[in-house]
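Data block for data.tsv (TSV, C-alpha atoms):
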```tsv
chain	number	residue	atom	x	y	z
A	492	MET	CA	28.89	38.87	-29.20
A	493	THR	CA	26.39	39.24	-26.38
A	494	LYS	CA	24.16	36.57	-27.93
A	495	HIS	CA	27.06	34.09	-28.02
A	496	PHE	CA	28.01	34.85	-24.41
A	497	LEU	CA	24.43	34.35	-23.18
A	498	GLY	CA	24.15	31.15	-25.20
A	499	MET	CA	27.38	29.79	-23.72
A	500	PHE	CA	26.21	30.79	-20.22
A	501	ALA	CA	22.89	28.96	-20.71
A	502	ILE	CA	24.63	25.80	-21.92
A	503	ALA	CA	27.12	25.90	-19.03
A	504	SER	CA	24.36	26.36	-16.46
A	505	VAL	CA	22.42	23.40	-17.83
A	506	MET	CA	25.49	21.19	-17.67
A	507	ILE	CA	26.16	21.87	-13.98
A	508	VAL	CA	22.63	21.23	-12.72
A	509	PRO	CA	22.94	18.39	-10.21
A	510	THR	CA	20.76	15.37	-10.77
A	511	ALA	CA	19.61	13.09	-8.02
A	512	SER	CA	19.17	9.39	-8.51
A	513	VAL	CA	17.66	7.06	-5.98
A	514	ALA	CA	18.61	3.40	-5.97
A	515	GLN	CA	15.52	1.26	-6.44
A	516	THR	CA	15.25	-2.22	-5.03
A	517	PHE	CA	13.27	-5.11	-6.46
A	518	PRO	CA	10.39	-6.07	-4.11
A	519	GLN	CA	11.28	-9.24	-2.20
A	520	ASP	CA	7.80	-10.78	-2.48
A	521	VAL	CA	7.34	-10.49	-6.26
A	522	PRO	CA	7.84	-13.92	-7.86
A	523	MET	CA	9.63	-14.23	-11.18
A	524	GLU	CA	7.03	-16.64	-12.60
A	525	ILE	CA	3.42	-17.58	-11.93
A	526	MET	CA	1.96	-20.85	-13.23
A	527	CYS	CA	-1.78	-21.07	-13.95
A	528	TRP	CA	-4.09	-23.68	-15.42
A	529	SER	CA	-5.97	-22.53	-18.52
A	530	GLN	CA	-9.50	-23.93	-18.55
A	531	ASN	CA	-9.91	-22.99	-22.22
A	532	ALA	CA	-6.68	-24.48	-23.57
A	533	LYS	CA	-6.54	-27.34	-21.03
A	534	ALA	CA	-2.86	-26.51	-20.54
A	535	TRP	CA	-0.50	-24.90	-18.03
A	536	VAL	CA	0.40	-21.28	-18.74
A	537	VAL	CA	3.47	-19.56	-17.29
A	538	GLY	CA	3.58	-15.79	-16.83
A	539	TYR	CA	6.98	-14.15	-16.46
A	540	VAL	CA	7.45	-10.88	-14.59
A	541	HIS	CA	7.62	-8.12	-17.16
A	542	THR	CA	7.26	-4.83	-15.27
A	543	VAL	CA	7.25	-3.84	-11.60
A	544	LYS	CA	5.86	-0.38	-10.93
A	545	GLU	CA	6.91	1.98	-8.17
A	546	ASN	CA	3.71	1.23	-6.22
A	547	GLY	CA	4.54	-2.50	-6.19
A	548	GLU	CA	2.17	-3.63	-8.94
A	549	ALA	CA	3.72	-6.25	-11.20
A	550	VAL	CA	2.73	-7.13	-14.75
A	551	TYR	CA	3.30	-10.70	-15.93
A	552	GLN	CA	3.47	-11.71	-19.58
A	553	GLY	CA	3.09	-15.07	-21.22
A	554	GLN	CA	5.39	-16.52	-23.88
A	555	GLY	CA	5.30	-14.24	-26.89
A	556	GLY	CA	3.89	-11.33	-24.87
A	557	ARG	CA	0.31	-11.81	-26.00
A	558	LEU	CA	-1.38	-12.14	-22.60
A	559	ASN	CA	-0.83	-10.05	-19.50
A	560	ALA	CA	-1.82	-10.46	-15.86
A	561	THR	CA	-1.45	-7.88	-13.11
A	562	LEU	CA	-0.45	-8.56	-9.53
A	563	ASN	CA	-1.86	-5.57	-7.65
A	564	ALA	CA	-0.30	-3.81	-4.66
A	565	ALA	CA	-2.47	-5.93	-2.32
A	566	ARG	CA	-0.75	-8.99	-3.87
A	567	VAL	CA	-3.84	-10.39	-5.62
A	568	LEU	CA	-3.69	-11.54	-9.25
A	569	VAL	CA	-6.31	-9.38	-10.98
A	570	ALA	CA	-8.58	-10.83	-13.65
A	571	PRO	CA	-8.39	-9.03	-17.01
A	572	SER	CA	-11.12	-6.53	-17.83
A	573	ASP	CA	-10.89	-6.90	-21.62
A	574	ARG	CA	-11.42	-10.67	-21.97
A	575	PRO	CA	-12.82	-13.66	-20.08
A	576	ALA	CA	-10.64	-14.81	-17.19
A	577	GLY	CA	-9.76	-18.33	-18.29
A	578	LEU	CA	-6.95	-18.99	-15.80
A	579	ASP	CA	-7.49	-20.55	-12.40
A	580	CYS	CA	-5.11	-18.22	-10.55
A	581	TYR	CA	-7.04	-14.98	-11.06
A	582	GLY	CA	-8.41	-13.61	-7.81
A	583	LYS	CA	-5.92	-15.54	-5.69
A	584	THR	CA	-3.33	-13.99	-3.37
A	585	LEU	CA	0.38	-14.68	-3.50
A	586	ASP	CA	0.05	-16.72	-0.30
A	587	GLN	CA	-2.63	-18.91	-1.89
A	588	LEU	CA	-0.59	-19.38	-5.07
A	589	ARG	CA	2.53	-20.17	-3.03
A	590	ALA	CA	0.61	-22.80	-1.04
A	591	MET	CA	-0.52	-24.33	-4.35
A	592	GLY	CA	3.10	-24.51	-5.59
A	593	ARG	CA	2.38	-22.06	-8.42
A	594	LEU	CA	5.18	-19.52	-7.86
A	595	ILE	CA	8.81	-19.55	-8.89
A	596	SER	CA	10.75	-16.99	-6.89
A	597	LEU	CA	14.04	-15.34	-7.61
A	598	GLN	CA	16.72	-16.86	-5.41
A	599	ARG	CA	19.00	-14.15	-4.10
A	600	VAL	CA	22.67	-15.02	-3.87
A	601	PRO	CA	24.61	-13.15	-1.18
A	602	THR	CA	27.57	-11.18	-2.43
A	603	ALA	CA	30.94	-10.91	-0.73
A	604	SER	CA	30.01	-7.52	0.73
A	605	GLN	CA	26.92	-8.88	2.51
```
Written as structure tokens, how would this file's structure read?
Amino acid sequence: MTKHFLGMFAIASVMIVPTASVAQTFPQDVPMEIMCWSQNAKAWVVGYVHTVKENGEAVYQGQGGRLNATLNAARVLVAPSDRPAGLDCYGKTLDQLRAMGRLISLQRVPTASQ
């Protein structure tokens, strides 16, 4: 009987442990898409935002998810370390890419409560 009581007490104490959740917001300056010219393929490549980390780094993925590019916290598109950097946007900042017309940003629509 004591075993059952202790087991029930343990389950009840786990169920009443409060959990805290913090609302995360999407960084305003992270574009949804980045367009780059591929020297190798002689074609335009579009990377779509795939993951945004807590520190602000964003990972972009091409169609089919085969190639990735990372936008670091300093807002520079980092060249890959595991293959030749064949895209012309590596090493450029978001401001440079924006000036070149290479970014497609998420347009925020105000809600009724704003």
Using all atoms listed in the file, find all polymer residues with an atom at most 10 Å away from the point (8.5, -11.1, -3.5); report them as a PDB file with C-alpha atoms, in the coordinates of the input.
```pdb
ATOM      1  CA  PHE A 517      13.270  -5.110  -6.460  1.00  0.00           C
ATOM      2  CA  PRO A 518      10.390  -6.070  -4.110  1.00  0.00           C
ATOM      3  CA  GLN A 519      11.280  -9.240  -2.200  1.00  0.00           C
ATOM      4  CA  ASP A 520       7.800 -10.780  -2.480  1.00  0.00           C
ATOM      5  CA  VAL A 521       7.340 -10.490  -6.260  1.00  0.00           C
ATOM      6  CA  PRO A 522       7.840 -13.920  -7.860  1.00  0.00           C
ATOM      7  CA  MET A 523       9.630 -14.230 -11.180  1.00  0.00           C
ATOM      8  CA  GLY A 547       4.540  -2.500  -6.190  1.00  0.00           C
ATOM      9  CA  ARG A 566      -0.750  -8.990  -3.870  1.00  0.00           C
ATOM     10  CA  LEU A 585       0.380 -14.680  -3.500  1.00  0.00           C
ATOM     11  CA  SER A 596      10.750 -16.990  -6.890  1.00  0.00           C
ATOM     12  CA  LEU A 597      14.040 -15.340  -7.610  1.00  0.00           C
TER      13      LEU A 597
END
```
(message) To one decimal place in Å, what is the distance between CA of Arg557 in chain A and CA of Arg574 in chain A?
(response) 12.5 Å
(message) What's around Gln552 in chain A at 8 Å? Count only C-alpha atoms, leave out sequence neighbours fewer than 2 positions away in its own chain, and write the answer as a count of residues only.
(response) 12
(message) My list of candidates is A:Thr516, A:Ala565, A:Met526, A:Glu548. Which is closest to Arg593 in chain A when distances are computed with all atoms listed in the file?
(response)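 Smallest separation from Arg593 in chain A among the options: A:Met526.
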(message) Taking 6 positions as the minimum chain separation for residues in the same chain, which residues sit within 6 Å of Ala549 in chain A when counting only C-alpha atoms? Answer as a ChimeraX atom specification.
(response) /A:542-543,561-562
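If you measure from each of A:Lys544, A:Val567, A:Lys533, A:Tyr551 to Leu588 in chain A using all atoms listed in the file, the closest one turns out to be A:Val567.
Coordinates place CA of Glu545 in chain A at a distance of 20.8 Å from CA of Ala570 in chain A.
Going from CA of Cys580 in chain A over to CA of Gly592 in chain A, you cover 11.5 Å.
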